[in-house]
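Participant: Before I ask anything, here is the structure I am working with.
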Amino acid sequence: MSTSSTETQKKTFKADSPFTFACNDLLPCFTQCCRDVNIYLTPYDVLRLRRALKMSSSAFLSGHTRHFLSKRTNIPVVQLEMDPDTLYCKFVTDTGCQVYADRPWACRMFPLDLTGTPGELGLIAGPERCLGLTEAASATVGEWLEGQGVGPYEEMEQVFHGVMPSSFNPGRGLPPSLGKLLFLAYDLDRFRNMLKDQNLLNLYEMDGQVLQKALADEEALLRLAFVYIRTQIEELSSLV
């Protein structure tokens with residue numbers, strides 16, 4: 001008995017679940033998953049991509065993304081912009097992804113995605129769309145994700161989620177001013193320039209060693225931006 005596409009995509013996985021999948025350029029569907037899709041970027045995605053492209057964060061955001069505040073929640077939404085003529089990701093060619101080593105978290109996860117339940121993943125494409133699911137290579141989901149380099153992306157996203165105070169109610173959303181503050185995590189060059197302001201450094205009593213590490217290491221800079229954003233949100237939340 002064959003399994004329908006709907007049944008396949010409802011299937012859920014945990015880290016120890018067996019997972020049969022392999023992608024290669026001999027499959028007829030190669031790069032089709034990179035066409036006409038919404039790829040939502042995290043702050044760490046933006047850091048990795050614009051560094052790989054040797055671009056400033058502002059130039060990357062303006063040249064390669066659509067970004068706005070969600071109308072309902074005022075949470076920043078940053079999407080990778082597709083080519084308007086072909087609808088393909090601009091970084092994809094016939095030979096594959098040109099930024100593969102620094103590809104976004106969502107691309108690393110495909111054809112899996114988060115379900116919203118901790119520790120659970122689901123399929124976002126069935127074997128009729130993604131023939132990689134019919135290949136022989138097999139591992140557990142945890143082993144496969146480790147091989148995809150998902151760990152640092154997941155860790156950074158958990159830290160980003162931690163900038164919101166415990167009192168935050170997603171159903172109510174944020175004031176626009178706080179949503180704009182969250183966007184600072186995506187534009188690290190702007191945050192780096194802010195750190196040149198001695199008044200700001202004095203006000204938040206930023207540790208000199210932490211500051212120097214952040215200025216020399218972009219992952220540390222992103223973590224410092226998260227700390228600054230959380231501090232600002234806590235202060236501003238008491239005023240709005």
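Naming scheme: A, B, ... for chains in displayed order of the structure tokens; residues 1 onward per chain; ligands 1 onward as shown.
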Write out as a list in words the residues lying within 7 Å of Ala22 in chain A, counting only C-alpha atoms and excluding same-chain residues fewer than 3 positions away.
Facilitator: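 Using only C-alpha atoms, the neighbours found are Gly132, Leu133, Glu135 and Ala137 of chain A.
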Participant: Show which residues sit within 12 Å of Phe21 in chain A, as number ranges by chain. Count only C-alpha atoms, and ignore same-chain residues fewer than 4 positions away.
Facilitator: A: 109-112, 123, 125-127, 130-141, 143-145
Participant: I want to know what sits within 12 Å of Arg190 in chain A, based on only C-alpha atoms, with residues of the same chain fewer than 3 positions away left out; could you give that as a list in words?
Facilitator: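 Counting only C-alpha atoms, the residues come to Ser56, Ser57, Ser58, Ala59, Leu61, Leu181, Phe183, Leu184, Ala185, Tyr186, Asp187, Asn193, Met194, Leu195, Lys196, Asp197, Leu221, Leu222 and Ala225 of chain A.
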Participant: Per DSSP on the backbone, filter range 114-231 of chain A down to the residues in helix (DSSP H, G or I) and report them as a ChimeraX atom specification.
Facilitator: /A:131-134,141-147,151-161,176-185,188-194,198-203,208-216,218-231
Participant: My list of candidates is A:Arg223, A:Phe13, A:Thr231, A:Arg103. Which is closest to Pro118 in chain A when distances are computed with only C-alpha atoms?
Facilitator: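 Among the listed residues, the smallest separation from Pro118 in chain A belongs to A:Phe13.
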